[in-house]
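Chemist: Structure file entry21.txt, compact mmCIF, C-alpha atoms and all ligand atoms, is pasted below:
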# COMPACT_ATOMS: atom_id res chain seq x y z
CA MET Z 926 -20.68 -15.41 26.15
CA SER Z 927 -21.11 -16.23 29.86
CA SER Z 928 -18.23 -18.68 30.28
CA VAL Z 929 -15.23 -20.08 28.40
CA THR Z 930 -13.45 -23.38 29.15
CA VAL Z 931 -9.80 -23.93 28.25
CA ARG Z 932 -7.78 -27.13 28.51
CA VAL Z 933 -4.05 -26.78 29.01
CA PRO Z 934 -1.34 -29.44 29.24
CA ALA Z 935 1.54 -30.28 31.58
CA LYS Z 936 5.10 -30.40 30.26
CA VAL Z 937 8.15 -32.54 30.70
CA ASN Z 938 11.63 -31.36 29.75
CA VAL Z 939 13.30 -33.92 27.51
CA GLN Z 940 16.49 -31.85 27.60
CA LEU Z 941 17.20 -29.32 30.34
CA SER Z 942 20.76 -28.02 30.08
CA VAL Z 943 21.69 -25.35 32.58
CA GLY Z 944 24.55 -22.96 31.81
CA PRO Z 945 26.72 -21.10 34.30
CA LEU Z 946 25.07 -18.75 36.81
CA ARG Z 947 24.75 -15.28 35.25
CA GLU Z 948 25.33 -12.02 37.07
CA ASP Z 949 21.59 -11.31 37.07
CA GLY Z 950 21.01 -14.56 39.00
CA TYR Z 951 19.52 -16.44 36.04
CA HIS Z 952 21.08 -19.23 33.99
CA ASP Z 953 21.22 -19.58 30.23
CA LEU Z 954 19.26 -22.68 29.37
CA VAL Z 955 18.66 -25.05 26.53
CA ASN Z 956 15.26 -26.32 27.43
CA VAL Z 957 13.39 -28.78 25.24
CA PHE Z 958 9.77 -28.77 26.37
CA HIS Z 959 7.31 -31.51 25.46
CA ALA Z 960 3.59 -31.11 26.23
CA VAL Z 961 1.89 -34.23 27.61
CA SER Z 962 -1.72 -35.30 28.05
CA ILE Z 963 -2.21 -34.38 31.70
CA PHE Z 964 -4.53 -31.39 31.55
CA ASP Z 965 -5.71 -28.66 33.90
CA GLU Z 966 -8.99 -27.02 32.98
CA VAL Z 967 -9.48 -23.28 33.40
CA VAL Z 968 -13.04 -21.93 33.16
CA ALA Z 969 -13.60 -18.16 33.04
CA HIS Z 970 -17.11 -17.04 34.04
CA GLU Z 971 -18.47 -13.52 33.66
CA SER Z 972 -17.95 -11.60 36.89
CA GLU Z 973 -17.45 -8.10 38.29
CA SER Z 974 -13.91 -8.77 39.55
CA ILE Z 975 -11.06 -11.23 38.97
CA THR Z 976 -11.24 -14.17 41.41
CA VAL Z 977 -10.15 -17.80 41.45
CA THR Z 978 -11.32 -21.07 42.97
CA VAL Z 979 -9.44 -24.34 42.62
CA GLY Z 980 -10.69 -27.93 42.66
CA GLY Z 981 -9.37 -31.34 41.64
CA ASN Z 982 -6.17 -33.08 42.74
CA TRP Z 983 -3.80 -31.25 45.09
CA ALA Z 984 -6.10 -28.19 45.04
CA ASP Z 985 -5.38 -27.44 48.70
CA ARG Z 986 -1.75 -26.66 47.77
CA VAL Z 987 -2.66 -23.95 45.27
CA PRO Z 988 -2.93 -20.32 46.49
CA ILE Z 989 -6.24 -18.57 45.73
CA ASP Z 990 -4.97 -15.04 46.40
CA ASN Z 991 -2.82 -12.72 44.27
CA GLU Z 992 -0.11 -15.38 44.25
CA ASN Z 993 -2.20 -17.51 41.92
CA LEU Z 994 -0.65 -17.36 38.46
CA ALA Z 995 -4.04 -17.52 36.74
CA ILE Z 996 -5.15 -14.35 38.57
CA GLN Z 997 -1.88 -12.66 37.64
CA ALA Z 998 -2.41 -13.65 34.00
CA ALA Z 999 -5.98 -12.31 33.89
CA ARG Z 1000 -4.83 -9.03 35.47
CA ALA Z 1001 -1.94 -8.71 33.01
CA LEU Z 1002 -4.32 -9.27 30.10
CA ALA Z 1003 -6.79 -6.66 31.37
CA LYS Z 1004 -3.91 -4.21 31.82
CA HIS Z 1005 -2.71 -4.89 28.28
CA ALA Z 1006 -6.24 -4.21 27.00
CA GLY Z 1007 -6.29 -1.00 29.01
CA ARG Z 1008 -9.62 -1.64 30.75
CA THR Z 1009 -11.04 -3.02 33.97
CA TYR Z 1010 -12.47 -6.47 33.38
CA GLY Z 1011 -13.72 -9.20 35.71
CA ALA Z 1012 -13.66 -12.99 35.51
CA ALA Z 1013 -14.43 -15.71 38.03
CA LEU Z 1014 -11.78 -18.29 37.21
CA VAL Z 1015 -12.43 -21.90 38.18
CA ILE Z 1016 -9.42 -24.20 37.88
CA HIS Z 1017 -9.70 -27.96 37.88
CA LYS Z 1018 -6.22 -29.34 38.62
CA ALA Z 1019 -4.85 -32.61 37.30
CA ILE Z 1020 -1.24 -31.44 36.90
CA PRO Z 1021 0.84 -32.14 40.03
CA VAL Z 1022 1.46 -28.98 42.07
CA ALA Z 1023 5.12 -27.88 42.47
CA GLY Z 1024 5.96 -31.07 40.60
CA GLY Z 1025 8.25 -29.80 37.83
CA MET Z 1026 5.44 -30.05 35.25
CA ALA Z 1027 4.63 -26.33 34.93
CA GLY Z 1028 1.17 -26.58 36.49
CA GLY Z 1029 1.03 -22.94 37.57
CA SER Z 1030 2.27 -21.80 34.16
CA ALA Z 1031 -0.40 -23.96 32.53
CA ASP Z 1032 -3.11 -22.23 34.54
CA ALA Z 1033 -1.69 -18.81 33.62
CA ALA Z 1034 -1.76 -19.75 29.92
CA GLY Z 1035 -5.27 -21.14 30.32
CA ALA Z 1036 -6.47 -17.92 31.95
CA LEU Z 1037 -4.96 -15.80 29.14
CA VAL Z 1038 -6.77 -17.79 26.44
CA ALA Z 1039 -10.04 -18.00 28.40
CA CYS Z 1040 -10.18 -14.29 29.28
CA ASN Z 1041 -9.14 -13.21 25.78
CA GLU Z 1042 -12.25 -15.05 24.57
CA LEU Z 1043 -14.59 -14.14 27.46
CA TRP Z 1044 -13.79 -10.44 27.16
CA GLY Z 1045 -14.01 -10.53 23.36
CA LEU Z 1046 -10.55 -8.99 23.03
CA GLY Z 1047 -9.54 -11.05 20.01
CA LEU Z 1048 -5.84 -10.51 20.72
CA PRO Z 1049 -3.63 -12.46 18.33
CA PHE Z 1050 -1.53 -15.39 19.55
CA ASP Z 1051 1.70 -13.35 19.36
CA ASP Z 1052 0.32 -10.75 21.80
CA LEU Z 1053 -0.67 -13.52 24.22
CA MET Z 1054 2.84 -14.99 23.89
CA GLU Z 1055 4.35 -11.62 24.80
CA ILE Z 1056 2.17 -11.25 27.91
CA ALA Z 1057 2.92 -14.89 28.77
CA GLY Z 1058 6.68 -14.23 28.61
CA ASP Z 1059 6.33 -11.48 31.22
CA LEU Z 1060 4.40 -13.81 33.54
CA GLY Z 1061 7.03 -16.57 33.71
CA SER Z 1062 9.53 -18.41 31.58
CA ASP Z 1063 7.36 -21.57 31.19
CA VAL Z 1064 4.10 -19.76 30.37
CA PRO Z 1065 4.74 -19.22 26.62
CA PHE Z 1066 5.31 -22.94 26.16
CA SER Z 1067 2.05 -23.76 27.94
CA LEU Z 1068 0.31 -21.61 25.31
CA LEU Z 1069 2.21 -23.17 22.42
CA GLY Z 1070 2.31 -26.87 23.37
CA GLY Z 1071 3.77 -29.56 21.11
CA THR Z 1072 7.54 -29.87 21.42
CA ALA Z 1073 9.73 -26.78 21.40
CA VAL Z 1074 13.15 -25.58 22.40
CA GLY Z 1075 13.56 -22.55 24.62
CA ILE Z 1076 16.86 -20.73 24.83
CA GLY Z 1077 17.97 -17.85 27.02
CA ARG Z 1078 15.86 -18.06 30.17
CA GLY Z 1079 13.65 -20.48 28.25
CA GLU Z 1080 11.18 -17.99 26.84
CA GLN Z 1081 12.51 -17.65 23.26
CA LEU Z 1082 10.74 -20.64 21.76
CA SER Z 1083 11.14 -22.52 18.47
CA GLU Z 1084 8.86 -25.40 17.60
CA LEU Z 1085 10.48 -28.78 16.98
CA PRO Z 1086 9.07 -31.41 14.65
CA THR Z 1087 8.30 -34.82 16.13
CA GLY Z 1088 7.85 -37.99 14.13
CA GLY Z 1089 5.19 -39.63 16.25
CA ARG Z 1090 3.57 -40.04 19.63
CA PHE Z 1091 5.64 -40.84 22.73
CA HIS Z 1092 4.18 -42.68 25.72
CA TRP Z 1093 5.09 -41.71 29.26
CA VAL Z 1094 4.40 -42.45 32.90
CA PHE Z 1095 4.67 -39.74 35.55
CA ALA Z 1096 5.28 -40.82 39.14
CA VAL Z 1097 3.94 -38.11 41.43
CA ALA Z 1098 5.93 -37.58 44.66
CA GLU Z 1099 4.43 -36.65 48.02
CA GLY Z 1100 5.02 -32.92 48.51
CA GLY Z 1101 6.57 -30.55 45.99
CA LEU Z 1102 10.00 -29.05 45.41
CA SER Z 1103 10.57 -25.32 44.98
CA THR Z 1104 12.09 -24.54 41.59
CA ALA Z 1105 14.23 -21.79 43.15
CA ALA Z 1106 15.54 -24.19 45.82
CA VAL Z 1107 16.51 -26.75 43.16
CA TYR Z 1108 18.42 -24.17 41.11
CA ALA Z 1109 20.17 -22.97 44.28
CA GLU Z 1110 21.15 -26.55 45.12
CA CYS Z 1111 22.40 -27.05 41.55
CA ASP Z 1112 24.63 -23.95 41.94
CA ARG Z 1113 25.86 -25.18 45.32
CA LEU Z 1114 26.76 -28.65 44.00
CA ARG Z 1115 28.57 -27.13 41.04
CA ALA Z 1116 30.50 -24.65 43.20
CA ALA Z 1117 31.57 -27.54 45.44
CA THR Z 1118 33.15 -29.43 42.53
CA GLY Z 1119 34.73 -26.28 41.07
CA ALA Z 1120 34.34 -27.74 37.56
CA GLU Z 1121 33.84 -25.34 34.66
CA ILE Z 1122 30.24 -25.34 33.46
CA PRO Z 1123 29.93 -25.71 29.69
CA TRP Z 1124 27.70 -23.46 27.59
CA PRO Z 1125 24.42 -25.35 27.02
CA GLN Z 1126 23.97 -26.87 23.54
CA LEU Z 1127 20.93 -28.42 21.91
CA SER Z 1128 21.55 -32.17 21.62
CA ASP Z 1129 21.64 -33.36 17.98
CA PRO Z 1130 20.85 -37.03 18.76
CA LEU Z 1131 17.88 -35.89 20.86
CA LEU Z 1132 16.58 -33.82 17.93
CA GLU Z 1133 16.99 -36.80 15.62
CA ALA Z 1134 15.16 -39.07 18.05
CA LEU Z 1135 12.26 -36.59 18.32
CA GLY Z 1136 12.10 -36.09 14.57
CA ALA Z 1137 12.10 -39.82 13.89
CA GLY Z 1138 9.60 -40.62 16.65
CA ASP Z 1139 12.23 -43.04 17.99
CA ALA Z 1140 11.35 -43.67 21.64
CA ARG Z 1141 14.31 -45.94 22.27
CA LYS Z 1142 16.78 -43.31 21.11
CA LEU Z 1143 14.91 -40.50 22.90
CA GLY Z 1144 15.08 -42.54 26.12
CA ALA Z 1145 18.85 -42.80 25.78
CA TYR Z 1146 19.31 -39.04 25.28
CA LEU Z 1147 16.97 -37.59 27.94
CA THR Z 1148 19.02 -35.13 30.01
CA ASN Z 1149 18.26 -32.94 32.99
CA ASP Z 1150 21.04 -30.90 34.62
CA LEU Z 1151 18.74 -30.21 37.59
CA GLN Z 1152 18.43 -33.91 38.39
CA PRO Z 1153 21.49 -34.18 40.70
CA ALA Z 1154 20.15 -31.26 42.75
CA ALA Z 1155 16.62 -32.73 42.92
CA LEU Z 1156 18.12 -36.07 44.03
CA THR Z 1157 20.20 -34.40 46.74
CA LEU Z 1158 17.14 -32.62 48.09
CA ARG Z 1159 14.94 -35.74 47.74
CA PRO Z 1160 17.22 -38.84 47.83
CA GLN Z 1161 14.31 -41.31 47.62
CA LEU Z 1162 13.72 -40.22 44.00
CA ALA Z 1163 16.73 -42.37 43.06
CA ASP Z 1164 14.66 -45.45 44.09
CA THR Z 1165 11.73 -44.24 42.02
CA LEU Z 1166 13.93 -43.81 38.93
CA GLU Z 1167 15.51 -47.22 39.47
CA ALA Z 1168 12.10 -48.90 39.82
CA GLY Z 1169 10.96 -47.41 36.50
CA ARG Z 1170 14.10 -48.74 34.80
CA GLN Z 1171 13.37 -52.19 36.23
CA TYR Z 1172 9.87 -52.03 34.77
CA GLY Z 1173 11.40 -51.50 31.34
CA ALA Z 1174 11.45 -47.69 30.98
CA LEU Z 1175 13.41 -46.62 27.89
CA GLY Z 1176 14.46 -43.53 29.82
CA ALA Z 1177 13.93 -42.37 33.41
CA ILE Z 1178 14.38 -38.76 34.44
CA VAL Z 1179 13.30 -36.20 37.00
CA SER Z 1180 10.80 -33.85 35.31
CA GLY Z 1181 12.16 -30.28 35.32
CA SER Z 1182 12.92 -29.25 38.88
CA GLY Z 1183 11.09 -32.33 40.18
CA PRO Z 1184 10.05 -34.16 42.23
CA THR Z 1185 7.80 -35.84 39.62
CA CYS Z 1186 9.70 -38.60 37.80
CA ALA Z 1187 9.10 -39.24 34.09
CA PHE Z 1188 9.45 -42.64 32.41
CA LEU Z 1189 9.41 -43.22 28.68
CA ALA Z 1190 7.49 -46.35 27.65
CA THR Z 1191 7.62 -48.40 24.45
CA ASP Z 1192 3.87 -47.97 23.78
CA ALA Z 1193 0.56 -47.16 25.50
CA ALA Z 1194 0.11 -50.69 26.89
CA HIS Z 1195 3.62 -50.64 28.38
CA ALA Z 1196 2.88 -47.23 29.97
CA ASP Z 1197 -0.27 -48.67 31.60
CA ARG Z 1198 1.63 -51.72 32.89
CA MET Z 1199 4.47 -49.56 34.22
CA ALA Z 1200 2.03 -47.20 35.98
CA ALA Z 1201 0.28 -50.17 37.62
CA ALA Z 1202 3.59 -51.73 38.70
CA LEU Z 1203 4.87 -48.45 40.19
CA THR Z 1204 1.75 -48.04 42.33
CA THR Z 1205 1.22 -51.68 43.40
CA SER Z 1206 4.88 -51.95 44.44
CA GLY Z 1207 4.34 -48.94 46.71
CA ILE Z 1208 7.03 -46.84 44.98
CA THR Z 1209 4.50 -44.07 44.40
CA ARG Z 1210 0.87 -43.51 45.30
CA THR Z 1211 0.07 -41.92 41.96
CA ALA Z 1212 1.49 -42.88 38.55
CA ILE Z 1213 -0.14 -41.22 35.55
CA PRO Z 1214 0.19 -42.65 32.01
CA ALA Z 1215 0.18 -39.92 29.34
CA HIS Z 1216 1.32 -39.23 25.79
CA GLY Z 1217 2.93 -36.37 23.94
CA PRO Z 1218 3.17 -34.14 22.09
CA VAL Z 1219 -0.25 -32.50 22.59
CA PRO Z 1220 -1.39 -28.95 21.74
CA GLY Z 1221 -1.06 -26.02 24.14
CA ALA Z 1222 -3.95 -24.11 25.72
CA VAL Z 1223 -7.14 -24.55 23.67
CA VAL Z 1224 -10.76 -23.52 24.11
CA VAL Z 1225 -12.95 -26.63 24.43
P1 LIG X 1301 7.80 -25.41 36.94
O1 LIG X 1301 7.82 -26.77 36.34
O2 LIG X 1301 7.27 -24.35 36.01
O3 LIG X 1301 9.06 -25.02 37.63
P2 LIG X 1301 6.21 -26.59 38.98
O4 LIG X 1301 5.39 -27.50 38.14
O5 LIG X 1301 7.37 -27.18 39.72
O6 LIG X 1301 6.72 -25.39 38.09
P3 LIG X 1301 3.83 -25.35 39.91
O7 LIG X 1301 2.83 -26.45 39.95
O8 LIG X 1301 3.75 -24.37 38.81
O9 LIG X 1301 5.30 -25.91 40.02
O10 LIG X 1301 3.73 -24.63 41.33
C1 LIG X 1301 4.77 -23.83 41.86
C2 LIG X 1301 4.17 -22.95 42.94
O11 LIG X 1301 3.37 -21.95 42.28
C3 LIG X 1301 3.23 -23.68 43.86
O12 LIG X 1301 3.88 -24.09 45.02
C4 LIG X 1301 2.14 -22.69 44.14
O13 LIG X 1301 2.35 -22.07 45.39
C5 LIG X 1301 2.28 -21.60 43.10
N1 LIG X 1301 1.10 -21.43 42.22
C6 LIG X 1301 0.56 -20.27 41.88
N2 LIG X 1301 -0.49 -20.43 41.07
C7 LIG X 1301 -0.63 -21.73 40.88
C8 LIG X 1301 -1.55 -22.50 40.13
N3 LIG X 1301 -2.55 -21.94 39.44
N4 LIG X 1301 -1.38 -23.83 40.12
C9 LIG X 1301 -0.35 -24.39 40.82
N5 LIG X 1301 0.52 -23.71 41.57
C10 LIG X 1301 0.40 -22.38 41.60
What would you get if you wrote out this structure as structure tokens?
Modeler:
Amino acid sequence: MSSVTVRVPAKVNVQLSVGPLREDGYHDLVNVFHAVSIFDEVVAHESESITVTVGGNWADRVPIDNENLAIQAARALAKHAGRTYGAALVIHKAIPVAGGMAGGSADAAGALVACNELWGLGLPFDDLMEIAGDLGSDVPFSLLGGTAVGIGRGEQLSELPTGGRFHWVFAVAEGGLSTAAVYAECDRLRAATGAEIPWPQLSDPLLEALGAGDARKLGAYLTNDLQPAALTLRPQLADTLEAGRQYGALGAIVSGSGPTCAFLATDAAHADRMAAALTTSGITRTAIPAHGPVPGAVVV
């Protein structure tokens, strides 16, 4: 086999509940991930060494050195297999970079699946999940896809049933936000209020809405504890969220650590209309209609 192509989705968090800051600097989370139909493509070509090139949208903002998560994933897989392997990875990006949609994690998951196939390793899914967990807390979900809840740091995943397809619009912001900076701002805002932070709990009405495929109810129960911090760091996102509500969004939320904003639509036609309205009004330059849930990283 001289090359393998893998398609891997973006995610939105339909619930992101952040517990108190732990002594190790992390937070306990209840994180309900939902994979949506914005896909990066990762192609692994036979090669002597592990390299990466990146094309597509926002490619100039993706590192092509050891910082690239796809390179790190390929190296981790080779190490696990106990041999020196090479792969020329070619990433085509459609997932916003540093946008709170796990684009880097998606590419890491894509590289794991592509190199597992290219190198003929035949490692089972569970082994890939274990390597993925060491690479970053969002990487296992990028492998799994669908809808799933992560607890702890987010890496202990359980799949959640969904009763249908949900339609979304994602408003891409100019420039990214650093996930670490958003968590730090969240801690700062909380310290300033002095309020006790409750232990995060999975939302029952949210689960019911997902299970029933009820977009209206899901829209009402979308939650993101990082949103106040993202809005403090990027106040104009409040206008973006408000515009989506005016165009009939059933729910409007910052995606993960932001700055991408996610809007839940009633159906595919409404998502298309909302995306058009958000761009023609000048609220955002790029609004992407998408649906979920979709599968995780798959060879195409
Ligand atoms: P998350 O939602 O998981 O917090 P994000 O979607 O906000 O992440 P990413 O798109 O994953 O953010 O990018 C975060 C940073 O990771 C980028 O600023 C970039 O420097 C780095 N990075 C490393 N590898 C990649 C990659 N393959 N694609 C995108 N970013 C990458």
Chemist: Counting all atoms listed in the file, name the residues that have an atom within 7 Å of an atom of ligand LIG 1301 (chain X); the answer should be given as a list in words.
Modeler: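 If we count all atoms listed in the file, the neighbours of ligand LIG 1301 (chain X) turn out to be Arg986, Val987, Pro988, Glu992, Asn993, Leu994, Ala995, Pro1021, Val1022, Ala1023, Gly1024, Gly1025, Met1026, Ala1027, Gly1028, Gly1029, Ser1030, Asp1032, Ala1033, Asp1063, Leu1102, Ser1103, Thr1104, Gly1181, Ser1182 and Gly1183 of chain Z.
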Chemist: So that I have them on file, write out the residues from the current selection with C-alpha atoms, as a compact mmCIF listing (two decimals), in the frame of the given file.
Modeler:
# COMPACT_ATOMS: atom_id res chain seq x y z
CA ARG Z 986 -1.75 -26.66 47.77
CA VAL Z 987 -2.66 -23.95 45.27
CA PRO Z 988 -2.93 -20.32 46.49
CA GLU Z 992 -0.11 -15.38 44.25
CA ASN Z 993 -2.20 -17.51 41.92
CA LEU Z 994 -0.65 -17.36 38.46
CA ALA Z 995 -4.04 -17.52 36.74
CA PRO Z 1021 0.84 -32.14 40.03
CA VAL Z 1022 1.46 -28.98 42.07
CA ALA Z 1023 5.12 -27.88 42.47
CA GLY Z 1024 5.96 -31.07 40.60
CA GLY Z 1025 8.25 -29.80 37.83
CA MET Z 1026 5.44 -30.05 35.25
CA ALA Z 1027 4.63 -26.33 34.93
CA GLY Z 1028 1.17 -26.58 36.49
CA GLY Z 1029 1.03 -22.94 37.57
CA SER Z 1030 2.27 -21.80 34.16
CA ASP Z 1032 -3.11 -22.23 34.54
CA ALA Z 1033 -1.69 -18.81 33.62
CA ASP Z 1063 7.36 -21.57 31.19
CA LEU Z 1102 10.00 -29.05 45.41
CA SER Z 1103 10.57 -25.32 44.98
CA THR Z 1104 12.09 -24.54 41.59
CA GLY Z 1181 12.16 -30.28 35.32
CA SER Z 1182 12.92 -29.25 38.88
CA GLY Z 1183 11.09 -32.33 40.18
Chemist: Identify which of the residues Z:Gln997, Z:Gly1221, Z:Phe1066, Z:Val979 lies closest to Val933 in chain Z, counting only C-alpha atoms when measuring atom-to-atom distances.
Modeler: Z:Gly1221
Chemist: Can you tell me, as a list of chain:residue names, what residues are no more than 9 Å from Gly1089 in chain Z when counting all atoms listed in the file, ignoring any on the same chain fewer than 4 positions away?
Modeler: Z:Leu1135, Z:Gly1136, Z:Ala1137, Z:Gly1138, Z:Asp1139, Z:Gly1217, Z:Pro1218
Chemist: Please determine, counting all atoms listed in the file, which residue among Z:Pro1130, Z:Thr1165, Z:Phe1095, Z:Gln1171 has the shortest atom-to-atom distance to Ala1196 in chain Z.
Modeler: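 Selected residue with least distance to Ala1196 in chain Z: Z:Phe1095.
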Chemist: Could you pull the residues within 12 Å of Ser1128 in chain Z, counting only C-alpha atoms, minus those fewer than 2 positions along the same chain, as a JSON list (two decimals) with C-alpha atoms, keeping the file's coordinate frame?
Modeler:
[["chain", "number", "residue", "atom", "x", "y", "z"],
["Z", 939, "VAL", "CA", 13.30, -33.92, 27.51],
["Z", 940, "GLN", "CA", 16.49, -31.85, 27.60],
["Z", 941, "LEU", "CA", 17.20, -29.32, 30.34],
["Z", 942, "SER", "CA", 20.76, -28.02, 30.08],
["Z", 955, "VAL", "CA", 18.66, -25.05, 26.53],
["Z", 956, "ASN", "CA", 15.26, -26.32, 27.43],
["Z", 957, "VAL", "CA", 13.39, -28.78, 25.24],
["Z", 1074, "VAL", "CA", 13.15, -25.58, 22.40],
["Z", 1125, "PRO", "CA", 24.42, -25.35, 27.02],
["Z", 1126, "GLN", "CA", 23.97, -26.87, 23.54],
["Z", 1130, "PRO", "CA", 20.85, -37.03, 18.76],
["Z", 1131, "LEU", "CA", 17.88, -35.89, 20.86],
["Z", 1132, "LEU", "CA", 16.58, -33.82, 17.93],
["Z", 1133, "GLU", "CA", 16.99, -36.80, 15.62],
["Z", 1134, "ALA", "CA", 15.16, -39.07, 18.05],
["Z", 1135, "LEU", "CA", 12.26, -36.59, 18.32],
["Z", 1143, "LEU", "CA", 14.91, -40.50, 22.90],
["Z", 1145, "ALA", "CA", 18.85, -42.80, 25.78],
["Z", 1146, "TYR", "CA", 19.31, -39.04, 25.28],
["Z", 1147, "LEU", "CA", 16.97, -37.59, 27.94],
["Z", 1148, "THR", "CA", 19.02, -35.13, 30.01],
["Z", 1149, "ASN", "CA", 18.26, -32.94, 32.99]]
Chemist: I'd like to know which of Z:Gly1169, Z:Gly1070, Z:Pro1123, Z:Pro1086 is closest to Met1054 in chain Z, using all atoms listed in the file.
Modeler: Z:Gly1070
Chemist: May I have the residues within 10 Å of range 1002-1005 of chain Z as a PDB file with C-alpha atoms, in the frame of the given file, using only C-alpha atoms and disregarding those fewer than 3 positions away in the same chain?
Modeler:
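What ended up in result_35.pdb:
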ATOM      1  CA  ILE Z 975     -11.060 -11.230  38.970  1.00  0.00           C
ATOM      2  CA  ILE Z 996      -5.150 -14.350  38.570  1.00  0.00           C
ATOM      3  CA  GLN Z 997      -1.880 -12.660  37.640  1.00  0.00           C
ATOM      4  CA  ALA Z 998      -2.410 -13.650  34.000  1.00  0.00           C
ATOM      5  CA  ALA Z 999      -5.980 -12.310  33.890  1.00  0.00           C
ATOM      6  CA  ARG Z1008      -9.620  -1.640  30.750  1.00  0.00           C
ATOM      7  CA  THR Z1009     -11.040  -3.020  33.970  1.00  0.00           C
ATOM      8  CA  TYR Z1010     -12.470  -6.470  33.380  1.00  0.00           C
ATOM      9  CA  GLY Z1011     -13.720  -9.200  35.710  1.00  0.00           C
ATOM     10  CA  ALA Z1036      -6.470 -17.920  31.950  1.00  0.00           C
ATOM     11  CA  LEU Z1037      -4.960 -15.800  29.140  1.00  0.00           C
ATOM     12  CA  VAL Z1038      -6.770 -17.790  26.440  1.00  0.00           C
ATOM     13  CA  CYS Z1040     -10.180 -14.290  29.280  1.00  0.00           C
ATOM     14  CA  ASN Z1041      -9.140 -13.210  25.780  1.00  0.00           C
ATOM     15  CA  TRP Z1044     -13.790 -10.440  27.160  1.00  0.00           C
ATOM     16  CA  LEU Z1046     -10.550  -8.990  23.030  1.00  0.00           C
ATOM     17  CA  LEU Z1048      -5.840 -10.510  20.720  1.00  0.00           C
ATOM     18  CA  ASP Z1052       0.320 -10.750  21.800  1.00  0.00           C
ATOM     19  CA  LEU Z1053      -0.670 -13.520  24.220  1.00  0.00           C
ATOM     20  CA  ILE Z1056       2.170 -11.250  27.910  1.00  0.00           C
ATOM     21  CA  ALA Z1057       2.920 -14.890  28.770  1.00  0.00           C
TER      22      ALA Z1057
END
